$ cat data34.tsv   # TSV, C-alpha atoms and all ligand atoms
chain	number	residue	atom	x	y	z
A	1	MET	CA	30.80	12.24	-1.11
A	2	ARG	CA	28.07	14.73	-0.28
A	3	LEU	CA	24.86	13.08	0.97
A	4	PHE	CA	21.41	14.66	0.69
A	5	ASN	CA	18.42	14.21	2.97
A	6	THR	CA	15.26	12.79	1.41
A	7	LYS	CA	11.97	14.65	1.70
A	8	ILE	CA	8.43	13.71	0.67
A	9	LEU	CA	7.86	16.58	-1.76
A	10	GLY	CA	4.24	15.77	-2.59
A	11	THR	CA	1.60	13.04	-2.37
A	12	GLY	CA	-1.53	12.08	-4.28
A	13	SER	CA	-4.11	9.33	-4.36
A	14	TYR	CA	-6.95	7.97	-6.45
A	15	LEU	CA	-9.95	5.94	-5.41
A	16	PRO	CA	-12.24	4.38	-8.02
A	17	GLU	CA	-15.76	5.83	-8.08
A	18	ARG	CA	-17.68	2.59	-7.56
A	19	ILE	CA	-18.45	1.72	-3.93
A	20	VAL	CA	-19.25	-1.88	-2.98
A	21	THR	CA	-20.81	-2.14	0.47
A	22	ASN	CA	-20.92	-5.14	2.79
A	23	LYS	CA	-24.64	-5.30	2.07
A	24	ASP	CA	-23.87	-5.60	-1.66
A	25	LEU	CA	-21.58	-8.57	-0.89
A	26	SER	CA	-24.14	-10.18	1.41
A	27	GLU	CA	-26.55	-10.30	-1.52
A	28	ARG	CA	-24.04	-12.46	-3.43
A	29	ILE	CA	-22.35	-14.61	-0.78
A	30	ASP	CA	-23.19	-16.06	2.64
A	31	THR	CA	-21.99	-13.18	4.84
A	32	SER	CA	-23.39	-10.14	6.65
A	33	HIS	CA	-22.46	-6.50	7.27
A	34	ASP	CA	-22.18	-7.18	10.99
A	35	TRP	CA	-19.84	-10.18	10.56
A	36	ILE	CA	-17.53	-8.22	8.27
A	37	VAL	CA	-17.45	-5.16	10.53
A	38	GLU	CA	-16.88	-7.21	13.67
A	39	ARG	CA	-14.02	-9.29	12.18
A	40	THR	CA	-12.37	-6.65	9.97
A	41	GLY	CA	-13.73	-3.14	10.62
A	42	ILE	CA	-14.47	-2.84	6.89
A	43	HIS	CA	-17.76	-1.18	5.84
A	44	GLN	CA	-17.16	-0.71	2.13
A	45	ARG	CA	-14.48	-0.83	-0.55
A	46	ARG	CA	-13.88	0.76	-3.98
A	47	VAL	CA	-13.82	-1.35	-7.13
A	48	ALA	CA	-12.15	-0.19	-10.35
A	49	ASP	CA	-14.01	-0.01	-13.67
A	50	LEU	CA	-11.78	-0.77	-16.65
A	51	SER	CA	-14.19	0.98	-19.01
A	52	LYS	CA	-13.46	4.23	-17.12
A	53	GLY	CA	-9.69	3.79	-17.43
A	54	GLU	CA	-9.41	2.57	-13.84
A	55	ASN	CA	-6.58	0.06	-14.27
A	56	PRO	CA	-3.26	0.19	-12.34
A	57	SER	CA	-1.62	2.68	-14.75
A	58	GLY	CA	-4.82	4.72	-15.15
A	59	MET	CA	-5.30	5.12	-11.39
A	60	ALA	CA	-1.56	5.80	-11.09
A	61	LYS	CA	-1.80	8.63	-13.61
A	62	GLU	CA	-4.42	10.44	-11.53
A	63	ALA	CA	-2.62	9.93	-8.20
A	64	SER	CA	0.79	10.84	-9.69
A	65	LEU	CA	-0.43	14.09	-11.28
A	66	LYS	CA	-1.70	15.17	-7.84
A	67	ALA	CA	1.60	14.21	-6.20
A	68	ILE	CA	3.65	16.02	-8.86
A	69	GLU	CA	1.47	19.13	-8.52
A	70	ALA	CA	1.77	19.03	-4.71
A	71	ALA	CA	5.55	18.84	-5.16
A	72	ASN	CA	5.42	21.99	-7.33
A	73	LEU	CA	6.96	20.06	-10.20
A	74	THR	CA	5.94	19.14	-13.73
A	75	PRO	CA	5.90	15.54	-15.03
A	76	ASN	CA	9.17	15.98	-16.95
A	77	ASP	CA	10.96	16.83	-13.67
A	78	ILE	CA	10.52	13.18	-12.61
A	79	ASP	CA	13.74	11.28	-13.31
A	80	LEU	CA	12.77	7.78	-12.07
A	81	ILE	CA	9.39	6.03	-11.87
A	82	LEU	CA	8.96	3.09	-9.49
A	83	VAL	CA	5.59	1.32	-9.43
A	84	SER	CA	4.39	-1.33	-7.01
A	85	ALA	CA	1.54	-3.33	-8.54
A	86	THR	CA	0.79	-6.83	-7.31
A	87	MET	CA	-1.22	-7.35	-10.51
A	88	PRO	CA	0.24	-5.04	-13.18
A	89	ASP	CA	-1.65	-3.78	-16.25
A	90	GLN	CA	-0.06	-6.71	-18.12
A	91	SER	CA	3.24	-8.64	-18.03
A	92	MET	CA	4.87	-6.49	-20.71
A	93	PRO	CA	5.39	-3.59	-20.97
A	94	ASN	CA	5.67	-2.85	-17.28
A	95	THR	CA	3.08	-0.56	-15.67
A	96	ALA	CA	5.71	2.10	-14.92
A	97	SER	CA	6.42	2.44	-18.67
A	98	VAL	CA	2.72	2.85	-19.43
A	99	LEU	CA	2.56	5.42	-16.63
A	100	GLN	CA	5.47	7.37	-18.14
A	101	GLU	CA	3.47	7.71	-21.36
A	102	LYS	CA	0.22	8.56	-19.57
A	103	LEU	CA	1.98	11.33	-17.63
A	104	GLY	CA	3.36	12.76	-20.88
A	105	ILE	CA	6.96	12.34	-19.67
A	106	THR	CA	9.34	12.66	-22.62
A	107	ASN	CA	12.69	12.77	-20.77
A	108	LEU	CA	13.27	8.97	-21.20
A	109	CYS	CA	13.49	8.45	-17.43
A	110	PRO	CA	13.90	4.83	-16.32
A	111	THR	CA	10.79	2.96	-15.23
A	112	LEU	CA	10.55	-0.10	-13.00
A	113	ASP	CA	7.80	-2.27	-11.53
A	114	VAL	CA	8.30	-4.10	-8.25
A	115	ASN	CA	6.14	-6.75	-6.63
A	116	ALA	CA	6.42	-7.12	-2.87
A	117	ALA	CA	2.61	-7.42	-2.53
A	118	CYS	CA	1.11	-5.19	0.17
A	119	SER	CA	4.60	-4.09	1.36
A	120	GLY	CA	5.50	-2.88	-2.14
A	121	TRP	CA	5.25	0.87	-1.60
A	122	ILE	CA	7.04	0.66	1.76
A	123	TYR	CA	9.80	-1.33	0.00
A	124	LEU	CA	10.20	1.51	-2.50
A	125	VAL	CA	10.81	4.23	0.12
A	126	PRO	CA	14.30	3.14	1.34
A	127	MET	CA	15.29	2.27	-2.24
A	128	ALA	CA	14.34	5.75	-3.45
A	129	ASP	CA	15.93	7.26	-0.34
A	130	ALA	CA	19.28	5.61	-1.11
A	131	MET	CA	19.23	6.93	-4.67
A	132	ILE	CA	18.29	10.47	-3.63
A	133	LYS	CA	20.81	10.51	-0.77
A	134	THR	CA	23.66	9.69	-3.10
A	135	GLY	CA	22.52	12.15	-5.77
A	136	LEU	CA	21.78	9.47	-8.39
A	137	TYR	CA	18.24	10.79	-8.94
A	138	LYS	CA	16.55	14.04	-7.92
A	139	HIS	CA	12.81	13.45	-8.15
A	140	ILE	CA	11.58	9.88	-7.79
A	141	LEU	CA	7.92	9.06	-8.28
A	142	ILE	CA	6.93	6.07	-6.14
A	143	VAL	CA	3.50	4.61	-6.72
A	144	GLY	CA	1.42	1.81	-5.19
A	145	SER	CA	-1.39	1.06	-7.63
A	146	GLU	CA	-3.54	-1.97	-7.01
A	147	MET	CA	-6.48	-3.55	-8.74
A	148	LEU	CA	-7.01	-6.54	-6.47
A	149	SER	CA	-10.54	-6.91	-7.78
A	150	SER	CA	-8.98	-8.55	-10.85
A	151	PHE	CA	-7.83	-11.61	-8.83
A	152	ASN	CA	-10.29	-11.48	-5.95
A	153	ASN	CA	-12.75	-14.38	-6.09
A	154	TRP	CA	-16.06	-12.61	-5.45
A	155	ASP	CA	-17.63	-15.97	-4.55
A	156	ASP	CA	-15.11	-16.74	-1.77
A	157	ARG	CA	-16.31	-15.17	1.47
A	158	ASN	CA	-12.96	-15.88	3.16
A	159	THR	CA	-11.12	-13.42	0.92
A	160	CYS	CA	-13.40	-11.19	-1.15
A	161	ILE	CA	-14.65	-9.13	1.79
A	162	LEU	CA	-11.14	-7.90	2.56
A	163	PHE	CA	-9.89	-6.12	-0.53
A	164	GLY	CA	-10.41	-2.94	-2.53
A	165	ASP	CA	-8.79	-1.04	-5.41
A	166	ALA	CA	-6.83	2.24	-5.11
A	167	CYS	CA	-3.62	4.07	-5.89
A	168	GLY	CA	-1.31	6.17	-3.72
A	169	ALA	CA	1.72	8.10	-4.99
A	170	ALA	CA	4.51	10.29	-3.66
A	171	VAL	CA	7.36	12.28	-5.15
A	172	LEU	CA	10.55	11.95	-3.11
A	173	GLY	CA	13.36	14.44	-3.57
A	174	ARG	CA	16.16	16.33	-1.82
A	175	ALA	CA	15.50	18.39	1.27
A	176	SER	CA	17.22	21.74	1.05
A	177	GLU	CA	19.92	22.60	3.57
A	178	ASN	CA	17.64	24.67	5.81
A	179	GLU	CA	14.99	21.92	6.06
A	180	ASP	CA	14.98	19.07	8.56
A	181	SER	CA	12.81	16.60	6.58
A	182	ARG	CA	14.60	13.25	6.34
A	183	ILE	CA	14.18	9.51	6.47
A	184	TYR	CA	15.52	8.50	9.87
A	185	SER	CA	15.41	4.72	9.65
A	186	SER	CA	13.89	1.78	7.81
A	187	ILE	CA	13.66	-1.99	7.87
A	188	LEU	CA	12.60	-4.36	5.09
A	189	THR	CA	12.25	-8.12	5.62
A	190	CYS	CA	10.80	-11.24	4.05
A	191	ASP	CA	10.00	-14.47	5.90
A	192	SER	CA	9.63	-16.96	3.05
A	193	THR	CA	8.78	-19.79	5.47
A	194	LYS	CA	5.31	-18.19	5.45
A	195	LYS	CA	5.09	-17.65	1.70
A	196	ASP	CA	2.40	-20.31	1.21
A	197	HIS	CA	-0.13	-18.49	3.40
A	198	LEU	CA	-1.10	-16.02	0.66
A	199	THR	CA	-0.75	-17.12	-2.95
A	200	LEU	CA	-1.97	-16.79	-6.51
A	201	MET	CA	-0.31	-19.71	-8.25
A	202	ALA	CA	-1.89	-19.55	-11.71
A	203	GLY	CA	-1.24	-16.96	-14.39
A	204	GLY	CA	2.57	-16.94	-14.12
A	205	ALA	CA	5.21	-19.00	-15.96
A	206	ASN	CA	4.59	-22.11	-13.83
A	207	LYS	CA	0.93	-22.37	-14.57
A	208	ARG	CA	-0.63	-20.61	-17.52
A	209	ILE	CA	-4.36	-19.87	-17.39
A	210	THR	CA	-5.93	-22.86	-19.17
A	211	HIS	CA	-9.44	-24.29	-19.27
A	212	GLU	CA	-8.29	-26.81	-16.64
A	213	VAL	CA	-7.09	-24.00	-14.34
A	214	LEU	CA	-10.41	-22.19	-14.74
A	215	ASP	CA	-12.38	-25.41	-14.11
A	216	LYS	CA	-10.47	-25.85	-10.82
A	217	ASN	CA	-10.93	-22.18	-9.89
A	218	GLU	CA	-7.16	-21.76	-9.53
A	219	GLN	CA	-7.05	-18.28	-11.04
A	220	TRP	CA	-7.86	-16.61	-7.72
A	221	MET	CA	-5.80	-15.78	-4.65
A	222	THR	CA	-5.92	-18.16	-1.69
A	223	MET	CA	-5.19	-17.23	1.90
A	224	ASN	CA	-4.68	-18.68	5.34
A	225	GLY	CA	-6.22	-15.73	7.18
A	226	GLN	CA	-5.39	-16.70	10.75
A	227	GLN	CA	-1.70	-17.37	10.06
A	228	ILE	CA	-1.39	-14.06	8.25
A	229	PHE	CA	-3.19	-12.27	11.05
A	230	LYS	CA	-0.70	-13.52	13.65
A	231	ALA	CA	2.36	-12.84	11.51
A	232	ALA	CA	1.09	-9.36	10.61
A	233	VAL	CA	0.63	-8.32	14.23
A	234	THR	CA	3.98	-9.59	15.54
A	235	THR	CA	6.01	-8.42	12.54
A	236	MET	CA	4.52	-4.94	12.18
A	237	ALA	CA	4.78	-4.25	15.92
A	238	ALA	CA	8.41	-5.46	16.05
A	239	HIS	CA	9.38	-3.47	12.95
A	240	ALA	CA	7.68	-0.32	14.27
A	241	GLU	CA	9.55	-0.62	17.58
A	242	ARG	CA	12.85	-1.14	15.80
A	243	VAL	CA	12.65	1.83	13.42
A	244	ALA	CA	11.50	4.12	16.25
A	245	ARG	CA	14.48	2.95	18.34
A	246	GLU	CA	16.92	3.41	15.44
A	247	ALA	CA	15.49	6.88	14.83
A	248	GLU	CA	16.11	7.59	18.53
A	249	LEU	CA	12.51	8.74	18.93
A	250	THR	CA	10.37	8.05	21.98
A	251	LEU	CA	6.72	7.10	21.41
A	252	ASP	CA	5.76	10.62	22.51
A	253	GLN	CA	7.84	12.05	19.68
A	254	ILE	CA	6.02	10.04	17.03
A	255	ASP	CA	3.16	12.17	15.75
A	256	TRP	CA	1.43	9.65	13.46
A	257	PHE	CA	1.50	5.90	12.93
A	258	ILE	CA	0.32	4.80	9.47
A	259	PRO	CA	-0.02	1.01	9.37
A	260	HIS	CA	-1.02	-1.11	6.39
A	261	GLN	CA	-4.83	-1.10	6.31
A	262	ALA	CA	-5.60	-4.82	6.21
A	263	ASN	CA	-7.97	-5.30	9.12
A	264	LEU	CA	-8.95	-2.98	11.99
A	265	ARG	CA	-8.29	-5.78	14.50
A	266	ILE	CA	-4.72	-6.12	13.17
A	267	ILE	CA	-4.23	-2.33	13.37
A	268	GLU	CA	-5.55	-2.24	16.95
A	269	ALA	CA	-3.45	-5.23	18.04
A	270	VAL	CA	-0.30	-3.66	16.55
A	271	GLY	CA	-1.14	-0.34	18.24
A	272	THR	CA	-1.54	-2.08	21.60
A	273	ARG	CA	1.75	-4.00	21.29
A	274	PHE	CA	3.61	-0.94	20.03
A	275	ASN	CA	1.94	1.07	22.79
A	276	ILE	CA	0.90	3.97	20.56
A	277	PRO	CA	-2.39	5.76	21.41
A	278	ALA	CA	-5.27	5.13	18.99
A	279	SER	CA	-5.57	8.92	18.47
A	280	LYS	CA	-2.20	8.85	16.64
A	281	VAL	CA	-3.10	5.96	14.32
A	282	ILE	CA	-4.36	6.78	10.83
A	283	VAL	CA	-7.21	4.45	9.80
A	284	ASN	CA	-9.23	4.27	6.60
A	285	VAL	CA	-9.75	0.51	6.30
A	286	ASP	CA	-13.43	1.07	7.13
A	287	ARG	CA	-13.95	2.98	3.85
A	288	PHE	CA	-11.39	1.49	1.47
A	289	ALA	CA	-10.64	-2.04	2.86
A	290	ASN	CA	-7.21	-3.55	2.12
A	291	THR	CA	-5.81	-1.86	-1.00
A	292	SER	CA	-2.49	-3.70	-0.79
A	293	SER	CA	0.53	-1.50	-1.56
A	294	ALA	CA	-1.75	1.51	-2.13
A	295	SER	CA	-2.99	1.46	1.45
A	296	VAL	CA	-0.18	3.33	3.25
A	297	PRO	CA	0.33	6.06	0.60
A	298	VAL	CA	-3.44	6.59	0.30
A	299	ALA	CA	-3.73	6.99	4.09
A	300	LEU	CA	-0.68	9.28	4.08
A	301	ASP	CA	-2.09	11.49	1.32
A	302	GLU	CA	-5.51	11.68	2.95
A	303	ALA	CA	-4.04	12.78	6.29
A	304	ILE	CA	-1.76	15.36	4.65
A	305	ARG	CA	-4.60	16.83	2.60
A	306	ASP	CA	-7.06	17.01	5.51
A	307	GLY	CA	-4.42	18.77	7.64
A	308	ARG	CA	-3.76	16.10	10.26
A	309	ILE	CA	-0.17	15.55	9.10
A	310	LYS	CA	1.87	18.74	9.01
A	311	ARG	CA	5.41	19.58	7.91
A	312	GLY	CA	7.86	18.65	10.65
A	313	ASP	CA	5.73	15.77	11.99
A	314	ASN	CA	7.48	12.49	12.77
A	315	LEU	CA	5.76	9.65	10.91
A	316	LEU	CA	6.06	5.91	11.33
A	317	MET	CA	4.70	3.71	8.53
A	318	ALA	CA	4.56	-0.10	8.54
A	319	ALA	CA	3.30	-2.79	6.17
A	320	PHE	CA	3.24	-6.54	5.56
A	321	GLY	CA	2.09	-8.69	2.67
A	322	ALA	CA	2.42	-11.90	0.71
A	323	GLY	CA	5.91	-13.37	0.85
A	324	LEU	CA	5.64	-12.70	3.76
A	325	THR	CA	7.23	-9.34	3.08
A	326	ALA	CA	7.21	-6.58	5.67
A	327	GLY	CA	8.75	-3.20	6.30
A	328	ALA	CA	8.65	-0.03	8.36
A	329	ILE	CA	9.92	3.52	7.86
A	330	CYS	CA	10.40	6.34	10.33
A	331	LEU	CA	10.74	9.83	8.86
A	332	LYS	CA	10.33	13.53	9.43
A	333	TYR	CA	7.74	14.82	6.95
B	401	LIG	N1	-18.88	-14.07	6.50
B	401	LIG	C1	-19.37	-14.92	7.43
B	401	LIG	N2	-18.66	-15.95	7.92
B	401	LIG	C2	-17.41	-16.10	7.47
B	401	LIG	C3	-16.84	-15.25	6.53
B	401	LIG	C4	-17.63	-14.20	6.02
B	401	LIG	N3	-17.19	-13.33	5.10
B	401	LIG	N4	-15.58	-15.65	6.28
B	401	LIG	C5	-15.35	-16.71	7.06
B	401	LIG	N5	-16.46	-16.98	7.77
B	401	LIG	C6	-16.66	-18.05	8.76
B	401	LIG	C7	-15.67	-19.17	8.59
B	401	LIG	O1	-16.11	-20.08	7.61
B	401	LIG	C8	-15.66	-19.77	9.97
B	401	LIG	O2	-16.79	-20.61	10.11
B	401	LIG	P1	-16.67	-22.00	10.92
B	401	LIG	O3	-16.30	-21.58	12.32
B	401	LIG	O4	-18.02	-22.55	10.77
B	401	LIG	O5	-15.59	-22.75	10.22
B	401	LIG	C9	-15.88	-18.57	10.89
B	401	LIG	O6	-16.43	-17.54	10.05
B	401	LIG	C10	-14.61	-18.05	11.53
B	401	LIG	O7	-13.62	-17.97	10.55
B	401	LIG	P2	-12.15	-17.52	10.88
B	401	LIG	O8	-11.28	-17.69	9.67
B	401	LIG	O9	-11.72	-18.18	12.16
B	401	LIG	O10	-12.35	-15.97	11.19
B	401	LIG	P3	-11.31	-14.91	11.66
B	401	LIG	O11	-11.75	-14.29	12.92
B	401	LIG	O12	-9.90	-15.44	11.59
B	401	LIG	O13	-11.44	-13.79	10.54
B	401	LIG	C11	-10.26	-13.01	8.60
B	401	LIG	C12	-11.11	-14.12	9.20
B	401	LIG	C13	-9.91	-13.37	7.18
B	401	LIG	C14	-11.09	-11.74	8.61
B	401	LIG	C15	-8.99	-12.80	9.47
B	401	LIG	O14	-8.36	-14.04	9.69
B	401	LIG	C16	-8.01	-11.88	8.83
B	401	LIG	O15	-8.29	-10.72	8.61
B	401	LIG	N6	-6.79	-12.36	8.55
B	401	LIG	C17	-5.76	-11.55	7.92
B	401	LIG	C18	-6.01	-11.52	6.43
B	401	LIG	C19	-5.20	-10.46	5.74
B	401	LIG	O16	-4.93	-9.41	6.29
B	401	LIG	N7	-4.80	-10.70	4.48
B	401	LIG	C20	-4.11	-9.78	3.66
B	401	LIG	C21	-2.68	-9.68	4.02
B	401	LIG	S1	-1.90	-8.34	3.26
$ encode --input "data34.tsv" --output "structure tokens"
Amino acid sequence: MRLFNTKILGTGSYLPERIVTNKDLSERIDTSHDWIVERTGIHQRRVADLSKGENPSGMAKEASLKAIEAANLTPNDIDLILVSATMPDQSMPNTASVLQEKLGITNLCPTLDVNAACSGWIYLVPMADAMIKTGLYKHILIVGSEMLSSFNNWDDRNTCILFGDACGAAVLGRASENEDSRIYSSILTCDSTKKDHLTLMAGGANKRITHEVLDKNEQWMTMNGQQIFKAAVTTMAAHAERVAREAELTLDQIDWFIPHQANLRIIEAVGTRFNIPASKVIVNVDRFANTSSASVPVALDEAIRDGRIKRGDNLLMAAFGAGLTAGAICLKY
């Protein structure tokens, strides 16, 4: 069977207009700009406005149109839509179906939502790669669209400072024979022994949202920050080392490292363990905070559009999230 190499044909992103600064939060809860910057590196985050169409599918439409345009394609060239949304538009229909309609796609392409929390978009890359490699699909739209503000308890200083809303998208397709773009290596894992460190237990089949749930404030996410911090650093650094080794690339040959943007201290600790210079690490957590599965594709798109990432560069991307899911990809852009 003939195998194809997978190439990132185009990327796009969308950030909601509304900016919420640390100062804004400090007027509501017992925190300060300095505390948040010192512990997380975050200065501000974006928050979606439903009245402006900024829900997961709405943000995904804007990011996807940019990615499709960058790929020199039209929406009907997309033959599979995969969307990572930790909190989808609604349970049914899935967000990917709504996105198909919003993009004006009439070719009846299949649509699928996945939930691997902050690792969701990274999870989609090897899945799309396998389907492009084998020729099953030609142009796969992979989207991480996250509206964490919908389950972020704005009165809980332990969590609310960390998150923001955004969407990142990419179109993956076949590299032509004279191109060397490819996905070298990938790893996806889940350590369910740590699944209770980051949860949102109400709102699913086990626990419907009732007056009792609301009275107990159980409709929000809860987090054991220190446990997640440790797991994030060790797992992302180990995964990054492994995919670089499997790609047979030395650290010098890696042009850019794009880690999940959860906390600047996590990014720096991973960089130190992985031994990659800070000048090669893409960071935007200061401006956008943790946008879950949107964080890596947003950072990727930003660095492509501002000219830092160029065709032929070797990229290493890594993420972790609730589950605890994690993954890393090494590729030639
Ligand atoms: N402002 C001011 N003080 C705060 C605060 C805030 N926003 N949030 C917590 N504190 C307080 C705590 O109550 C605690 O006070 P105490 O010592 O009186 O009990 C103190 O600050 C230290 O809290 P601690 O939890 O030890 O801080 P930390 O250095 O671990 O930083 C996180 C907290 C959440 C920033 C950090 O653990 C983290 O980023 N973890 C990873 C979270 C993550 O990435 N989640 C998403 C995964 S995809």
$ residues_near_ligand --input "data34.tsv" --ligand "ligand LIG 401 (chain B)" --cutoff "7 Å" --atoms "only C-alpha atoms and all ligand atoms" --output "JSON, numbers by chain"
{"A": [30, 31, 32, 35, 36, 39, 40, 118, 157, 158, 159, 161, 225, 226, 228, 229, 262, 263, 292, 320, 321, 322]}
$ residues_around --input "data34.tsv" --residues "range 58-73 of chain A" --least-positions-apart "4" --cutoff "8 Å" --atoms "all atoms listed in the file" --output "list of chain:residue names"
A:Leu9, A:Gly10, A:Thr11, A:Gly12, A:Ser13, A:Tyr14, A:Leu15, A:Pro16, A:Gly53, A:Glu54, A:Asp77, A:Leu99, A:Lys102, A:Leu103, A:Leu141, A:Val143, A:Gly144, A:Ser145, A:Ala166, A:Cys167, A:Gly168, A:Ala169, A:Ala170, A:Val171
$ residues_around --input "data34.tsv" --residues "Asn94 in chain A" --least-positions-apart "3" --cutoff "12 Å" --atoms "all atoms listed in the file" --output "ChimeraX atom specification"
/A:56-57,81-91,97-101,110-115
$ residues_near_point --input "data34.tsv" --point "(-9.2, -3.5, -0.5)" --cutoff "8 Å" --atoms "only C-alpha atoms" --output "PyMOL selection string"
chain A and resi 45-46+148+162-166+262+285+288-292
$ residues_around --input "data34.tsv" --residues "range 21-24 of chain A" --least-positions-apart "5" --cutoff "6 Å" --atoms "only C-alpha atoms" --output "ChimeraX atom specification"
/A:33,43-44
$ atom_distance --input "data34.tsv" --atom1 "CA of Met223 in chain A" --atom2 "CA of Asp49 in chain A"
24.8 Å
$ closest_residue --input "data34.tsv" --among "A:Val283, A:Ile122, A:Leu80, A:Ala318" --to "Leu136 in chain A" --atoms "all atoms listed in the file"
A:Leu80
$ atom_distance --input "data34.tsv" --atom1 "CA of Asp301 in chain A" --atom2 "CA of Met317 in chain A"
12.6 Å
